[in-house]
file structure_31.cif (mmCIF, N, CA and C atoms)
data_my_file
#
loop_
_atom_site.label_atom_id
_atom_site.label_comp_id
_atom_site.auth_asym_id
_atom_site.auth_seq_id
_atom_site.Cartn_x
_atom_site.Cartn_y
_atom_site.Cartn_z
N MET A 1 3.70 -17.47 90.08
CA MET A 1 3.21 -18.73 89.56
C MET A 1 2.19 -19.34 90.52
N THR A 2 1.19 -19.97 89.94
CA THR A 2 0.23 -20.67 90.79
C THR A 2 0.84 -21.97 91.27
N LYS A 3 0.23 -22.56 92.29
CA LYS A 3 0.74 -23.85 92.79
C LYS A 3 0.68 -24.91 91.70
N PHE A 4 -0.41 -24.93 90.93
CA PHE A 4 -0.54 -25.91 89.86
C PHE A 4 0.56 -25.73 88.82
N THR A 5 0.79 -24.52 88.39
CA THR A 5 1.82 -24.25 87.39
C THR A 5 3.19 -24.65 87.90
N THR A 6 3.47 -24.33 89.14
CA THR A 6 4.75 -24.69 89.73
C THR A 6 4.91 -26.20 89.78
N PHE A 7 3.86 -26.91 90.23
CA PHE A 7 3.93 -28.36 90.31
C PHE A 7 4.06 -28.97 88.92
N ALA A 8 3.29 -28.47 87.96
CA ALA A 8 3.35 -28.98 86.59
C ALA A 8 4.75 -28.79 86.00
N ALA A 9 5.35 -27.66 86.24
CA ALA A 9 6.70 -27.41 85.75
C ALA A 9 7.69 -28.36 86.40
N ALA A 10 7.53 -28.60 87.69
CA ALA A 10 8.44 -29.53 88.39
C ALA A 10 8.29 -30.94 87.85
N VAL A 11 7.06 -31.36 87.57
CA VAL A 11 6.83 -32.69 87.01
C VAL A 11 7.47 -32.80 85.64
N ALA A 12 7.28 -31.79 84.81
CA ALA A 12 7.86 -31.82 83.47
C ALA A 12 9.38 -31.91 83.52
N VAL A 13 9.99 -31.16 84.40
CA VAL A 13 11.45 -31.21 84.54
C VAL A 13 11.89 -32.58 85.05
N ALA A 14 11.17 -33.11 86.02
CA ALA A 14 11.53 -34.40 86.60
C ALA A 14 11.41 -35.53 85.58
N MET A 15 10.47 -35.42 84.65
CA MET A 15 10.24 -36.48 83.68
C MET A 15 11.08 -36.34 82.42
N THR A 16 11.79 -35.27 82.24
CA THR A 16 12.53 -35.02 81.01
C THR A 16 13.45 -36.18 80.61
N PRO A 17 14.26 -36.75 81.51
CA PRO A 17 15.12 -37.85 81.07
C PRO A 17 14.32 -39.07 80.61
N VAL A 18 13.18 -39.32 81.19
CA VAL A 18 12.39 -40.47 80.85
C VAL A 18 11.70 -40.27 79.51
N ILE A 19 11.27 -39.07 79.25
CA ILE A 19 10.54 -38.77 78.02
C ILE A 19 11.39 -39.08 76.79
N ALA A 20 12.68 -38.98 76.90
CA ALA A 20 13.55 -39.20 75.75
C ALA A 20 13.40 -40.59 75.16
N SER A 21 13.00 -41.59 75.96
CA SER A 21 12.87 -42.95 75.46
C SER A 21 11.42 -43.41 75.41
N ALA A 22 10.52 -42.48 75.20
CA ALA A 22 9.08 -42.77 75.29
C ALA A 22 8.55 -43.57 74.12
N ASN A 23 7.47 -44.29 74.37
CA ASN A 23 6.71 -45.00 73.35
C ASN A 23 5.44 -44.22 73.05
N THR A 24 4.70 -44.67 72.03
CA THR A 24 3.42 -44.03 71.77
C THR A 24 2.40 -44.52 72.80
N ALA A 25 1.31 -43.80 72.95
CA ALA A 25 0.28 -44.17 73.91
C ALA A 25 -0.26 -45.57 73.61
N ALA A 26 -0.46 -45.88 72.33
CA ALA A 26 -0.97 -47.20 71.97
C ALA A 26 -0.01 -48.31 72.38
N GLU A 27 1.28 -48.07 72.26
CA GLU A 27 2.26 -49.06 72.67
C GLU A 27 2.29 -49.23 74.19
N LEU A 28 1.99 -48.17 74.92
CA LEU A 28 2.00 -48.23 76.37
C LEU A 28 0.76 -48.93 76.93
N ASP A 29 -0.33 -48.93 76.18
CA ASP A 29 -1.61 -49.49 76.63
C ASP A 29 -1.55 -51.02 76.56
N ALA A 30 -0.98 -51.64 77.59
CA ALA A 30 -0.71 -53.07 77.59
C ALA A 30 -1.95 -53.93 77.36
N ASN A 31 -3.08 -53.55 77.93
CA ASN A 31 -4.29 -54.36 77.76
C ASN A 31 -5.18 -53.85 76.62
N GLN A 32 -4.71 -52.83 75.90
CA GLN A 32 -5.40 -52.28 74.73
C GLN A 32 -6.85 -51.90 75.01
N ASP A 33 -7.09 -51.31 76.20
CA ASP A 33 -8.45 -50.88 76.54
C ASP A 33 -8.72 -49.42 76.23
N GLY A 34 -7.71 -48.73 75.70
CA GLY A 34 -7.88 -47.33 75.35
C GLY A 34 -7.55 -46.36 76.46
N TYR A 35 -7.10 -46.87 77.60
CA TYR A 35 -6.75 -46.04 78.75
C TYR A 35 -5.36 -46.42 79.23
N LEU A 36 -4.65 -45.45 79.81
CA LEU A 36 -3.34 -45.71 80.40
C LEU A 36 -3.44 -45.62 81.91
N THR A 37 -3.03 -46.68 82.59
CA THR A 37 -3.01 -46.70 84.05
C THR A 37 -1.62 -46.32 84.54
N LEU A 38 -1.52 -46.09 85.82
CA LEU A 38 -0.21 -45.80 86.41
C LEU A 38 0.76 -46.93 86.13
N ASP A 39 0.32 -48.18 86.29
CA ASP A 39 1.21 -49.32 86.04
C ASP A 39 1.71 -49.34 84.60
N GLU A 40 0.83 -49.05 83.65
CA GLU A 40 1.23 -49.04 82.24
C GLU A 40 2.24 -47.93 81.98
N LEU A 41 2.03 -46.76 82.56
CA LEU A 41 2.97 -45.67 82.37
C LEU A 41 4.30 -45.96 83.06
N GLN A 42 4.25 -46.55 84.25
CA GLN A 42 5.48 -46.85 84.98
C GLN A 42 6.31 -47.92 84.27
N ALA A 43 5.68 -48.75 83.44
CA ALA A 43 6.44 -49.73 82.67
C ALA A 43 7.42 -49.04 81.73
N ALA A 44 7.01 -47.90 81.18
CA ALA A 44 7.87 -47.12 80.28
C ALA A 44 8.61 -46.01 81.00
N TYR A 45 7.99 -45.47 82.04
CA TYR A 45 8.54 -44.36 82.80
C TYR A 45 8.66 -44.77 84.27
N PRO A 46 9.65 -45.58 84.63
CA PRO A 46 9.75 -46.09 86.00
C PRO A 46 9.83 -45.01 87.08
N ASP A 47 10.24 -43.82 86.71
CA ASP A 47 10.36 -42.75 87.70
C ASP A 47 9.05 -42.00 87.93
N MET A 48 8.00 -42.33 87.19
CA MET A 48 6.73 -41.63 87.38
C MET A 48 6.14 -42.03 88.73
N THR A 49 5.74 -41.03 89.48
CA THR A 49 5.16 -41.27 90.80
C THR A 49 3.63 -41.22 90.72
N GLY A 50 3.01 -41.68 91.76
CA GLY A 50 1.56 -41.59 91.86
C GLY A 50 1.09 -40.15 91.83
N ASP A 51 1.86 -39.26 92.46
CA ASP A 51 1.50 -37.84 92.46
C ASP A 51 1.54 -37.26 91.05
N GLN A 52 2.54 -37.64 90.27
CA GLN A 52 2.62 -37.17 88.90
C GLN A 52 1.44 -37.68 88.08
N PHE A 53 1.12 -38.97 88.26
CA PHE A 53 -0.01 -39.55 87.54
C PHE A 53 -1.31 -38.85 87.92
N THR A 54 -1.49 -38.58 89.19
CA THR A 54 -2.69 -37.89 89.66
C THR A 54 -2.84 -36.54 89.00
N LEU A 55 -1.73 -35.84 88.79
CA LEU A 55 -1.79 -34.55 88.11
C LEU A 55 -2.28 -34.70 86.67
N LEU A 56 -1.90 -35.79 86.01
CA LEU A 56 -2.32 -36.02 84.63
C LEU A 56 -3.75 -36.53 84.52
N ASP A 57 -4.22 -37.23 85.55
CA ASP A 57 -5.55 -37.85 85.56
C ASP A 57 -6.60 -36.80 85.94
N LEU A 58 -6.98 -36.00 84.97
CA LEU A 58 -7.82 -34.83 85.21
C LEU A 58 -9.19 -35.18 85.78
N ASP A 59 -9.75 -36.32 85.40
CA ASP A 59 -11.07 -36.68 85.94
C ASP A 59 -10.97 -37.62 87.14
N ALA A 60 -9.77 -37.91 87.58
CA ALA A 60 -9.51 -38.70 88.80
C ALA A 60 -10.19 -40.06 88.78
N ASN A 61 -10.20 -40.72 87.61
CA ASN A 61 -10.83 -42.04 87.53
C ASN A 61 -9.80 -43.17 87.55
N GLY A 62 -8.52 -42.84 87.71
CA GLY A 62 -7.49 -43.86 87.81
C GLY A 62 -6.89 -44.30 86.49
N ALA A 63 -7.27 -43.65 85.41
CA ALA A 63 -6.74 -43.98 84.09
C ALA A 63 -6.76 -42.74 83.22
N LEU A 64 -5.84 -42.69 82.28
CA LEU A 64 -5.77 -41.56 81.35
C LEU A 64 -6.45 -41.94 80.05
N ASP A 65 -7.40 -41.12 79.63
CA ASP A 65 -8.03 -41.33 78.32
C ASP A 65 -7.27 -40.52 77.28
N ALA A 66 -7.73 -40.58 76.04
CA ALA A 66 -7.04 -39.90 74.94
C ALA A 66 -6.94 -38.40 75.18
N GLU A 67 -7.99 -37.79 75.73
CA GLU A 67 -7.96 -36.34 75.98
C GLU A 67 -6.94 -35.99 77.05
N GLU A 68 -6.84 -36.80 78.10
CA GLU A 68 -5.87 -36.53 79.16
C GLU A 68 -4.45 -36.74 78.66
N VAL A 69 -4.25 -37.76 77.82
CA VAL A 69 -2.92 -37.98 77.23
C VAL A 69 -2.56 -36.80 76.34
N ALA A 70 -3.52 -36.32 75.54
CA ALA A 70 -3.28 -35.17 74.67
C ALA A 70 -2.93 -33.93 75.49
N ALA A 71 -3.66 -33.70 76.58
CA ALA A 71 -3.38 -32.54 77.43
C ALA A 71 -2.01 -32.65 78.07
N ALA A 72 -1.65 -33.84 78.52
CA ALA A 72 -0.34 -34.05 79.13
C ALA A 72 0.77 -33.88 78.10
N THR A 73 0.51 -34.33 76.88
CA THR A 73 1.49 -34.18 75.80
C THR A 73 1.68 -32.71 75.47
N GLU A 74 0.56 -31.99 75.34
CA GLU A 74 0.62 -30.56 75.02
C GLU A 74 1.36 -29.78 76.11
N ALA A 75 1.20 -30.21 77.35
CA ALA A 75 1.87 -29.54 78.48
C ALA A 75 3.33 -29.96 78.62
N GLY A 76 3.78 -30.91 77.77
CA GLY A 76 5.16 -31.36 77.84
C GLY A 76 5.41 -32.36 78.96
N MET A 77 4.35 -32.96 79.48
CA MET A 77 4.50 -33.90 80.59
C MET A 77 4.51 -35.34 80.11
N LEU A 78 4.13 -35.58 78.88
CA LEU A 78 4.25 -36.87 78.21
C LEU A 78 4.78 -36.59 76.83
N PRO A 79 5.44 -37.57 76.21
CA PRO A 79 6.01 -37.34 74.87
C PRO A 79 4.95 -37.28 73.79
N ALA A 80 5.26 -36.59 72.73
CA ALA A 80 4.39 -36.58 71.56
C ALA A 80 4.47 -37.96 70.90
N PRO A 81 3.41 -38.40 70.22
CA PRO A 81 3.46 -39.70 69.54
C PRO A 81 4.67 -39.82 68.63
N ASN A 82 5.27 -40.99 68.65
CA ASN A 82 6.45 -41.33 67.84
C ASN A 82 7.69 -40.54 68.24
N GLU A 83 7.67 -39.85 69.36
CA GLU A 83 8.85 -39.13 69.83
C GLU A 83 9.69 -40.11 70.63
N GLY A 84 11.00 -39.99 70.51
CA GLY A 84 11.84 -40.81 71.35
C GLY A 84 12.78 -41.66 70.63
#
call {"tool": "encode", "arguments": {"input": "structure_31.cif", "output": "structure tokens"}}
result
Amino acid sequence: MTKFTTFAAAVAVAMTPVIASANTAAELDANQDGYLTLDELQAAYPDMTGDQFTLLDLDANGALDAEEVAAATEAGMLPAPNEG
């Protein structure tokens, strides 16, 4: 396994209990700007760390856009819409 794959798998396993009670991305976007910040995600997923968020933030701009949320969802690192 590559380091990225190993880390991604560890993040997915670590987040599994939190994912069970997940909201949709739109519900998590507190300021409705179309992006999810670490603070917005931690409101729903208190166990999410900065390192986990950094892994999801593919363009490293400090917020997750729709494409990054979709990629994280597809990878099992965030819940699918309406799951939970």
call {"tool": "atom_distance", "arguments": {"input": "structure_31.cif", "atom1": "atom N of Ala63 in chain A", "atom2": "atom N of Leu28 in chain A"}}
result
14.7 Å
call {"tool": "atom_distance", "arguments": {"input": "structure_31.cif", "atom1": "atom C of Ala25 in chain A", "atom2": "atom N of Leu78 in chain A"}}
result
12.1 Å
call {"tool": "closest_residue", "arguments": {"input": "structure_31.cif", "among": "A:Leu36, A:Met48, A:Leu55, A:Ala43", "to": "Val69 in chain A", "atoms": "only C-alpha atoms"}}
result
A:Leu36
call {"tool": "residues_around", "arguments": {"input": "structure_31.cif", "residues": "Phe53 in chain A", "least_positions_apart": "6", "cutoff": "8 Å", "atoms": "all atoms listed in the file", "output": "count of residues only"}}
result
3
call {"tool": "atom_distance", "arguments": {"input": "structure_31.cif", "atom1": "atom C of Leu56 in chain A", "atom2": "CA of Glu68 in chain A"}}
result
5.8 Å
